[in-house]
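Shown next: query-v2.cif, given as mmCIF, C-alpha atoms.
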data_final
#
loop_
_atom_site.label_atom_id
_atom_site.label_comp_id
_atom_site.auth_asym_id
_atom_site.auth_seq_id
_atom_site.Cartn_x
_atom_site.Cartn_y
_atom_site.Cartn_z
CA MET A 1 0.00 0.00 0.00
CA ALA A 2 1.42 3.38 -1.01
CA THR A 3 1.13 5.84 1.85
CA HIS A 4 0.58 9.54 1.27
CA PRO A 5 3.90 11.38 1.88
CA ALA A 6 2.34 13.77 4.41
CA LEU A 7 0.78 10.90 6.37
CA GLN A 8 4.04 8.93 6.25
CA ALA A 9 5.92 11.98 7.51
CA ALA A 10 3.46 12.36 10.40
CA ILE A 11 3.93 8.69 11.35
CA ASP A 12 7.73 9.00 11.20
CA LEU A 13 7.69 12.19 13.28
CA SER A 14 5.39 10.65 15.89
CA ALA A 15 7.51 7.52 16.10
CA GLY A 16 10.65 9.65 16.34
CA ALA A 17 9.12 11.70 19.15
CA ALA A 18 8.26 8.52 21.06
CA GLY A 19 11.78 7.23 20.54
CA GLY A 20 13.32 10.53 21.60
CA ALA A 21 11.27 10.63 24.79
CA ALA A 22 12.31 7.07 25.65
CA CYS A 23 15.95 7.99 24.99
CA VAL A 24 15.85 11.07 27.22
CA PHE A 25 14.05 9.38 30.12
CA SER A 26 16.45 6.43 30.14
CA GLY A 27 19.68 8.38 29.60
CA GLN A 28 19.29 11.87 31.09
CA PRO A 29 21.13 11.24 34.40
CA PHE A 30 24.18 9.95 32.53
CA ASP A 31 24.04 12.89 30.12
CA THR A 32 24.12 15.33 33.04
CA ALA A 33 27.23 13.63 34.40
CA LYS A 34 28.82 13.74 30.95
CA VAL A 35 28.38 17.52 30.56
CA LYS A 36 29.68 18.20 34.08
CA MET A 37 32.81 16.13 33.47
CA GLN A 38 33.39 17.68 30.04
CA THR A 39 33.23 21.26 31.24
CA PHE A 40 34.90 20.77 34.66
CA PRO A 41 37.17 17.70 34.26
CA THR A 42 39.36 18.51 37.28
CA MET A 43 36.43 18.88 39.67
CA TYR A 44 35.53 15.19 39.72
CA ARG A 45 37.59 12.05 40.23
CA GLY A 46 35.44 10.06 37.79
CA PHE A 47 31.96 9.17 36.67
CA LEU A 48 30.73 7.77 40.01
CA ASP A 49 32.01 10.80 41.89
CA CYS A 50 30.23 13.13 39.44
CA PHE A 51 27.07 11.00 39.36
CA VAL A 52 26.74 10.89 43.11
CA SER A 53 27.44 14.63 43.30
CA THR A 54 24.74 15.75 41.09
CA TYR A 55 14.62 10.63 10.41
CA GLY A 56 12.06 10.35 7.11
CA PHE A 57 12.39 13.46 4.88
CA CYS A 58 16.07 12.95 4.17
CA GLN A 59 15.46 9.36 3.05
CA HIS A 60 13.16 10.76 0.36
CA ALA A 61 15.95 13.13 -0.69
CA VAL A 62 18.44 10.26 -0.95
CA ARG A 63 15.98 8.32 -3.09
CA PHE A 64 15.54 11.35 -5.33
CA VAL A 65 19.29 11.86 -5.76
CA SER A 66 19.90 8.16 -6.42
CA ARG A 67 16.85 8.03 -8.75
CA GLN A 68 15.04 5.33 -6.83
CA SER A 69 11.29 4.93 -6.49
CA GLU A 70 9.57 5.90 -3.24
CA GLU A 71 8.74 2.24 -2.52
CA SER A 72 12.32 1.01 -2.90
CA GLU A 73 14.40 0.08 0.15
CA LEU A 74 17.51 2.13 0.78
CA SER A 75 20.83 0.39 1.36
CA ASP A 76 22.57 0.67 4.74
CA LEU A 77 25.04 3.19 3.27
CA GLN A 78 22.22 5.29 1.79
CA LYS A 79 20.41 5.34 5.15
CA ALA A 80 23.64 6.47 6.81
CA CYS A 81 23.88 9.31 4.26
CA ALA A 82 20.24 10.25 4.93
CA GLY A 83 20.95 10.41 8.66
CA SER A 84 24.02 12.56 8.06
CA MET A 85 21.98 14.93 5.88
CA ALA A 86 19.24 15.15 8.50
CA SER A 87 21.80 16.15 11.13
CA VAL A 88 22.34 19.54 9.49
CA PHE A 89 18.69 20.43 10.05
CA SER A 90 18.53 18.85 13.50
CA SER A 91 21.50 20.99 14.57
CA LEU A 92 19.39 24.12 14.14
CA VAL A 93 16.98 22.77 16.75
CA LEU A 94 19.51 21.00 18.95
CA CYS A 95 21.92 23.90 19.40
CA PRO A 96 19.57 26.25 21.33
CA THR A 97 18.09 23.48 23.47
CA GLU A 98 21.48 21.92 24.22
CA LEU A 99 22.91 25.31 25.16
CA VAL A 100 20.21 25.77 27.82
CA LYS A 101 20.51 22.13 28.93
CA CYS A 102 24.30 22.20 29.24
CA ARG A 103 24.27 25.47 31.17
CA LEU A 104 21.73 24.16 33.64
CA GLN A 105 23.64 20.91 34.07
CA ALA A 106 26.91 22.72 34.84
CA MET A 107 25.40 25.69 36.71
CA ARG A 108 26.49 24.58 40.19
CA GLU A 109 30.08 24.16 39.01
CA MET A 110 30.10 27.56 37.31
CA GLU A 111 28.91 29.18 40.54
CA ALA A 112 31.37 27.21 42.69
CA SER A 113 34.28 28.28 40.48
CA GLY A 114 33.26 31.94 40.85
CA ARG A 115 32.75 32.49 37.12
CA ILE A 116 29.12 33.59 37.51
CA ALA A 117 26.86 34.82 40.28
CA SER A 118 24.24 32.50 41.72
CA GLY A 119 20.60 32.66 40.74
CA HIS A 120 20.33 30.83 37.40
CA LYS A 121 18.45 27.77 38.57
CA THR A 122 15.62 27.39 36.05
CA VAL A 123 15.19 27.08 32.30
CA TRP A 124 13.55 30.50 32.08
CA SER A 125 16.30 32.22 34.03
CA VAL A 126 18.87 30.86 31.57
CA VAL A 127 16.70 31.87 28.60
CA ARG A 128 16.26 35.40 29.98
CA THR A 129 20.01 35.73 30.54
CA VAL A 130 20.79 34.67 26.98
CA MET A 131 18.20 37.06 25.54
CA ARG A 132 19.43 39.95 27.68
CA THR A 133 23.15 39.50 27.02
CA SER A 134 23.30 38.16 23.45
CA GLY A 135 19.83 38.34 21.92
CA PRO A 136 18.23 35.50 19.92
CA LEU A 137 21.50 34.65 18.17
CA GLY A 138 23.00 33.84 21.58
CA PHE A 139 21.13 30.54 21.54
CA TYR A 140 23.28 29.48 18.59
CA GLU A 141 26.56 29.73 20.46
CA GLY A 142 28.39 26.58 19.38
CA LEU A 143 26.29 25.96 16.24
CA THR A 144 29.33 25.31 14.04
CA THR A 145 30.66 22.79 16.54
CA THR A 146 27.24 21.13 16.76
CA ILE A 147 27.13 20.69 12.96
CA VAL A 148 30.73 19.42 12.92
CA ARG A 149 29.68 16.86 15.54
CA GLU A 150 26.33 15.84 14.05
CA VAL A 151 27.26 15.24 10.39
CA PRO A 152 29.84 12.45 10.92
CA GLY A 153 28.10 11.35 14.11
CA TYR A 154 24.75 10.65 12.51
CA PHE A 155 26.43 8.92 9.56
CA CYS A 156 28.05 6.49 12.02
CA PHE A 157 24.87 6.32 14.12
CA PHE A 158 22.42 5.28 11.42
CA GLY A 159 25.02 3.36 9.43
CA ALA A 160 25.94 1.21 12.44
CA TYR A 161 22.27 0.73 13.35
CA GLU A 162 21.25 -0.48 9.89
CA LEU A 163 24.38 -2.61 9.49
CA CYS A 164 23.83 -4.28 12.85
CA ARG A 165 20.18 -4.98 12.01
CA SER A 166 21.24 -6.46 8.65
CA VAL A 167 23.69 -8.80 10.39
CA PHE A 168 21.02 -9.94 12.86
CA ALA A 169 18.50 -10.40 10.03
CA GLY A 170 20.94 -12.56 8.08
CA TYR A 171 21.84 -14.63 11.13
CA LEU A 172 18.21 -15.15 12.20
CA GLY A 173 16.89 -15.60 8.67
CA ALA A 174 14.26 -12.92 9.22
CA ALA A 175 13.36 -9.51 7.84
CA LYS A 176 15.09 -6.51 9.44
CA ASP A 177 11.76 -5.38 10.93
CA ASP A 178 11.19 -8.78 12.56
CA ILE A 179 14.48 -9.48 14.37
CA GLY A 180 12.93 -9.11 17.82
CA VAL A 181 13.29 -6.80 20.82
CA VAL A 182 16.74 -7.78 22.10
CA PRO A 183 18.56 -7.58 18.72
CA LEU A 184 16.75 -4.31 18.01
CA MET A 185 17.85 -2.76 21.30
CA PHE A 186 21.39 -4.06 20.89
CA SER A 187 21.53 -2.50 17.40
CA GLY A 188 20.46 0.84 18.88
CA GLY A 189 23.02 0.62 21.67
CA PHE A 190 25.77 -0.36 19.24
CA ALA A 191 24.84 2.61 17.03
CA GLY A 192 25.09 4.98 19.98
CA ALA A 193 28.48 3.57 20.99
CA CYS A 194 29.83 4.08 17.45
CA LEU A 195 28.54 7.65 17.38
CA TRP A 196 30.12 8.71 20.66
CA LEU A 197 33.46 7.03 20.06
CA VAL A 198 33.80 9.04 16.85
CA VAL A 199 32.49 12.46 17.93
CA TYR A 200 33.16 12.61 21.67
CA PRO A 201 36.10 15.07 21.51
CA ILE A 202 34.00 17.40 19.34
CA ASP A 203 31.11 17.15 21.79
CA CYS A 204 33.47 18.02 24.65
CA VAL A 205 34.53 21.22 22.85
CA LYS A 206 30.88 22.08 22.14
CA SER A 207 29.93 21.68 25.79
CA ARG A 208 32.77 23.93 26.90
CA ILE A 209 31.87 26.64 24.40
CA GLN A 210 28.21 26.62 25.40
CA VAL A 211 28.77 26.48 29.17
CA HIS A 212 31.79 28.76 29.54
CA SER A 213 30.19 31.40 27.31
CA LEU A 214 28.08 32.20 30.39
CA ALA A 215 31.15 34.06 31.71
CA GLY A 216 31.91 35.81 28.42
CA ARG A 217 32.30 35.18 24.72
CA GLN A 218 34.30 32.07 23.90
CA GLN A 219 36.73 31.35 21.09
CA GLY A 220 35.66 29.25 18.12
CA PHE A 221 35.87 25.50 17.72
CA LEU A 222 39.46 25.19 16.48
CA ARG A 223 40.96 27.57 19.05
CA THR A 224 39.03 25.95 21.88
CA PHE A 225 40.09 22.49 20.69
CA VAL A 226 43.77 23.46 20.43
CA GLY A 227 43.60 25.26 23.78
CA VAL A 228 42.23 22.20 25.59
CA VAL A 229 44.87 19.91 24.06
CA HIS A 230 47.69 22.38 24.81
CA THR A 231 46.76 23.15 28.43
CA GLU A 232 45.08 19.95 29.62
CA GLY A 233 46.16 17.23 27.21
CA VAL A 234 44.24 14.95 24.87
CA ALA A 235 42.77 12.98 27.78
CA ALA A 236 40.68 16.02 28.77
CA LEU A 237 38.73 15.68 25.51
CA TYR A 238 37.52 12.28 26.71
CA SER A 239 36.52 13.36 30.20
CA GLY A 240 33.03 12.00 30.88
CA LEU A 241 33.25 9.21 28.30
CA THR A 242 32.42 6.56 30.90
CA PRO A 243 28.88 7.80 31.75
CA THR A 244 28.31 8.42 28.05
CA MET A 245 29.09 4.83 27.10
CA ILE A 246 27.02 3.53 30.04
CA ARG A 247 24.13 5.73 28.96
CA THR A 248 24.29 5.00 25.25
CA PHE A 249 23.17 1.36 25.27
CA PRO A 250 19.95 1.70 27.33
CA ALA A 251 19.14 5.16 25.95
CA ASN A 252 19.59 4.41 22.25
CA GLY A 253 18.23 0.90 22.65
CA ALA A 254 15.06 2.45 24.12
CA LEU A 255 15.05 5.09 21.36
CA PHE A 256 15.02 2.65 18.46
CA LEU A 257 12.74 0.19 20.21
CA ALA A 258 10.13 2.90 20.83
CA TYR A 259 10.56 4.24 17.30
CA GLU A 260 10.31 0.92 15.48
CA LEU A 261 7.43 -0.45 17.57
CA SER A 262 5.34 2.74 17.50
CA ARG A 263 5.95 3.17 13.77
CA LYS A 264 5.01 -0.47 13.10
CA MET A 265 1.85 -0.10 15.20
CA MET A 266 0.77 3.07 13.36
CA MET A 267 1.48 1.54 9.94
CA GLU A 268 -0.54 -1.58 10.80
CA HIS A 269 -3.41 0.59 12.04
CA LEU A 270 -3.25 2.57 8.80
CA ARG A 271 -3.32 -0.59 6.68
CA LYS A 272 -6.33 -1.91 8.60
CA ALA A 273 -8.15 1.40 8.21
CA HIS A 274 -7.32 1.42 4.51
CA GLY A 275 -8.63 -2.14 4.14
CA ILE A 276 -11.90 -1.27 5.94
CA ASN A 277 -12.39 1.78 3.73
CA ARG A 278 -11.79 -0.29 0.59
CA THR A 279 -14.31 -2.91 1.79
CA ARG A 280 -16.91 -0.22 2.49
CA ALA A 281 -16.31 1.39 -0.88
CA PHE A 282 -16.69 -1.98 -2.61
CA GLY A 283 -19.95 -2.60 -0.74
CA GLU A 284 -21.29 0.80 -1.79
CA GLN A 285 -20.43 0.05 -5.41
CA ARG A 286 -22.23 -3.29 -5.26
CA ARG A 287 -25.35 -1.72 -3.76
CA THR A 288 -25.33 1.03 -6.38
CA PHE A 289 -24.94 -1.58 -9.14
CA HIS A 290 -27.87 -3.66 -7.90
CA THR A 291 -30.21 -0.66 -7.59
CA ARG A 292 -29.51 0.20 -11.22
CA ILE A 293 -30.43 -3.26 -12.54
CA PRO A 294 -33.96 -3.03 -14.11
CA HIS A 295 -36.47 -5.41 -12.48
CA ALA A 296 -38.40 -7.89 -14.64
#
How does this structure look as structure tokens?
Amino acid sequence: MATHPALQAAIDLSAGAAGGAACVFSGQPFDTAKVKMQTFPTMYRGFLDCFVSTYGFCQHAVRFVSRQSEESELSDLQKACAGSMASVFSSLVLCPTELVKCRLQAMREMEASGRIASGHKTVWSVVRTVMRTSGPLGFYEGLTTTIVREVPGYFCFFGAYELCRSVFAGYLGAAKDDIGVVPLMFSGGFAGACLWLVVYPIDCVKSRIQVHSLAGRQQGFLRTFVGVVHTEGVAALYSGLTPTMIRTFPANGALFLAYELSRKMMMEHLRKAHGINRTRAFGEQRRTFHTRIPHA
């Protein structure tokens, strides 16, 4: 059954929202620890110390570029490219929200270090501060770094996810959509691990730019990157990697499980509704036909 593009987009967005919510709820505590350790690596002895202390439109574009029909299945590489393309657009939404999130997560450390005065404890207080000091463009502090992180990161993320599902499907002799809950969650966790291992140093620089800009304008990505390596060493770029890797398996496993199951449920509901409508339409045609037959 060919689904209307707008309806398919709505299903994909709804499934993505369900997956995103599952990811955030299962991984948020570890993400908070990650940001704290990235921005203040010398303040904590490790993850436990810190922890105790505190996708659809771009696939259509890939099909268009590769001259494939809308019903055709994309290869794993093409899906990785679609994810990488989508990351450019997601960065425009992620950058402002991550700036507020990262500042709130590291607020106590910024106050303890004397870089800012106390009083920024809520989302709205951070938003008001950004608007007052930098205007609307202040929410895009670190946008370049976010894009630099997202483009290769999402390529690895979706590429690893689809590749892992393909391996499970081949081993189990089943379709990729029918490999089961455990392989699906493992594929999501594996995808998250691949993403963070590739982009973690970039994410560390992004967090520092967004958090430390509270105390004044920060240098760009390259200067911040070189400065961290020169003054603190390469190891500082991987501060907080432990909670990130612990978080990534349950969070991204929950993300893809919620996405795939909710999407499958909505598509099945749509097919049933379409079948009922076709049956009703056929019945109406039959009744109309019989009323038009002349009686003897």
Review point. Which residue, A:Ser187, A:Thr231, A:Thr97, A:Thr133, has the smallest gap to Phe158 of chain A when you use only C-alpha atoms?
Key: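 Comparing A:Ser187, A:Thr231, A:Thr97, A:Thr133 against Phe158 of chain A, the winner is A:Ser187.
The space between atom CA of Pro152 of chain A and atom CA of Tyr200 of chain A spans 11.3 Å.
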Review point. Rounded to one decimal in Å, what is the spacing between atom CA of Leu237 of chain A and atom CA of Pro250 of chain A?
Key: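 Taking atom CA of Leu237 of chain A as the start and atom CA of Pro250 of chain A as the end point, the length is 23.5 Å.
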Exercise for review: Please work out which residues fall within 7 Å of (24.7, 14.0, 11.5), coordinates as given in the file, with all atoms listed in the file counting, and return them as a ChimeraX atom specification.
Suggested key: /A:83-88,150-155
Check your understanding: Suppose you want the space between atom CA of Ser166 of chain A and atom CA of Phe249 of chain A; what is it in Å?
Key ->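 Straight-line distance from atom CA of Ser166 of chain A to atom CA of Phe249 of chain A works out to 18.5 Å.
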Check your understanding: With only C-alpha atoms as the atoms that count, which of A:Tyr259, A:Tyr140, A:Phe89, A:Trp124 lies nearest to Gly188 of chain A?
Key -> A:Tyr259
**Study point:** Near-Glu73 of chain A list (12 Å; only C-alpha atoms; drop same-chain fewer than 2 positions) as number ranges by chain
**Key:** A: 59-60, 62-63, 66, 68-71, 75-79, 162, 176
Practice item. Would you please work out which residue, of A:Gly220, A:Val228, A:Asn252, A:Glu141, is nearest to Ala193 of chain A when using only C-alpha atoms? Key: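 Smallest distance to Ala193 of chain A is found for A:Asn252.
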Practice item. I would like the residues chosen by the PyMOL selection byres ((chain A and resi 197) around 10) on the shown file; could you give them as a list in words? Key: Gly153, Cys156, Gly192, Ala193, Cys194, Leu195, Trp196, Val198, Val199, Tyr200, Pro201, Tyr238, Leu241, Thr244 and Met245 of chain A
For C-alpha atoms, I'd like the residues from the last selection saved as a PDB file, in the frame of the given file.
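The resulting file, out.pdb, is reproduced below:
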ATOM      1  CA  GLY A 153      28.100  11.350  14.110  1.00  0.00           C
ATOM      2  CA  CYS A 156      28.050   6.490  12.020  1.00  0.00           C
ATOM      3  CA  GLY A 192      25.090   4.980  19.980  1.00  0.00           C
ATOM      4  CA  ALA A 193      28.480   3.570  20.990  1.00  0.00           C
ATOM      5  CA  CYS A 194      29.830   4.080  17.450  1.00  0.00           C
ATOM      6  CA  LEU A 195      28.540   7.650  17.380  1.00  0.00           C
ATOM      7  CA  TRP A 196      30.120   8.710  20.660  1.00  0.00           C
ATOM      8  CA  VAL A 198      33.800   9.040  16.850  1.00  0.00           C
ATOM      9  CA  VAL A 199      32.490  12.460  17.930  1.00  0.00           C
ATOM     10  CA  TYR A 200      33.160  12.610  21.670  1.00  0.00           C
ATOM     11  CA  PRO A 201      36.100  15.070  21.510  1.00  0.00           C
ATOM     12  CA  TYR A 238      37.520  12.280  26.710  1.00  0.00           C
ATOM     13  CA  LEU A 241      33.250   9.210  28.300  1.00  0.00           C
ATOM     14  CA  THR A 244      28.310   8.420  28.050  1.00  0.00           C
ATOM     15  CA  MET A 245      29.090   4.830  27.100  1.00  0.00           C
TER      16      MET A 245
END
Take every atom of segment 128-146 of chain A listed in the file, pad by 6 Å on each side, and give me the axis-aligned box centre and edge lengths in Å, one decimal, as JSON.
{"center_x": 23.5, "center_y": 30.5, "center_z": 22.3, "size_x": 26.4, "size_y": 30.8, "size_z": 28.5}
**Study point:** Selection dump of the PyMOL selection byres ((chain A and resi 206-210) around 6), as a ChimeraX atom specification
**Key:** /A:39,99,142,145,203-205,211-213,218
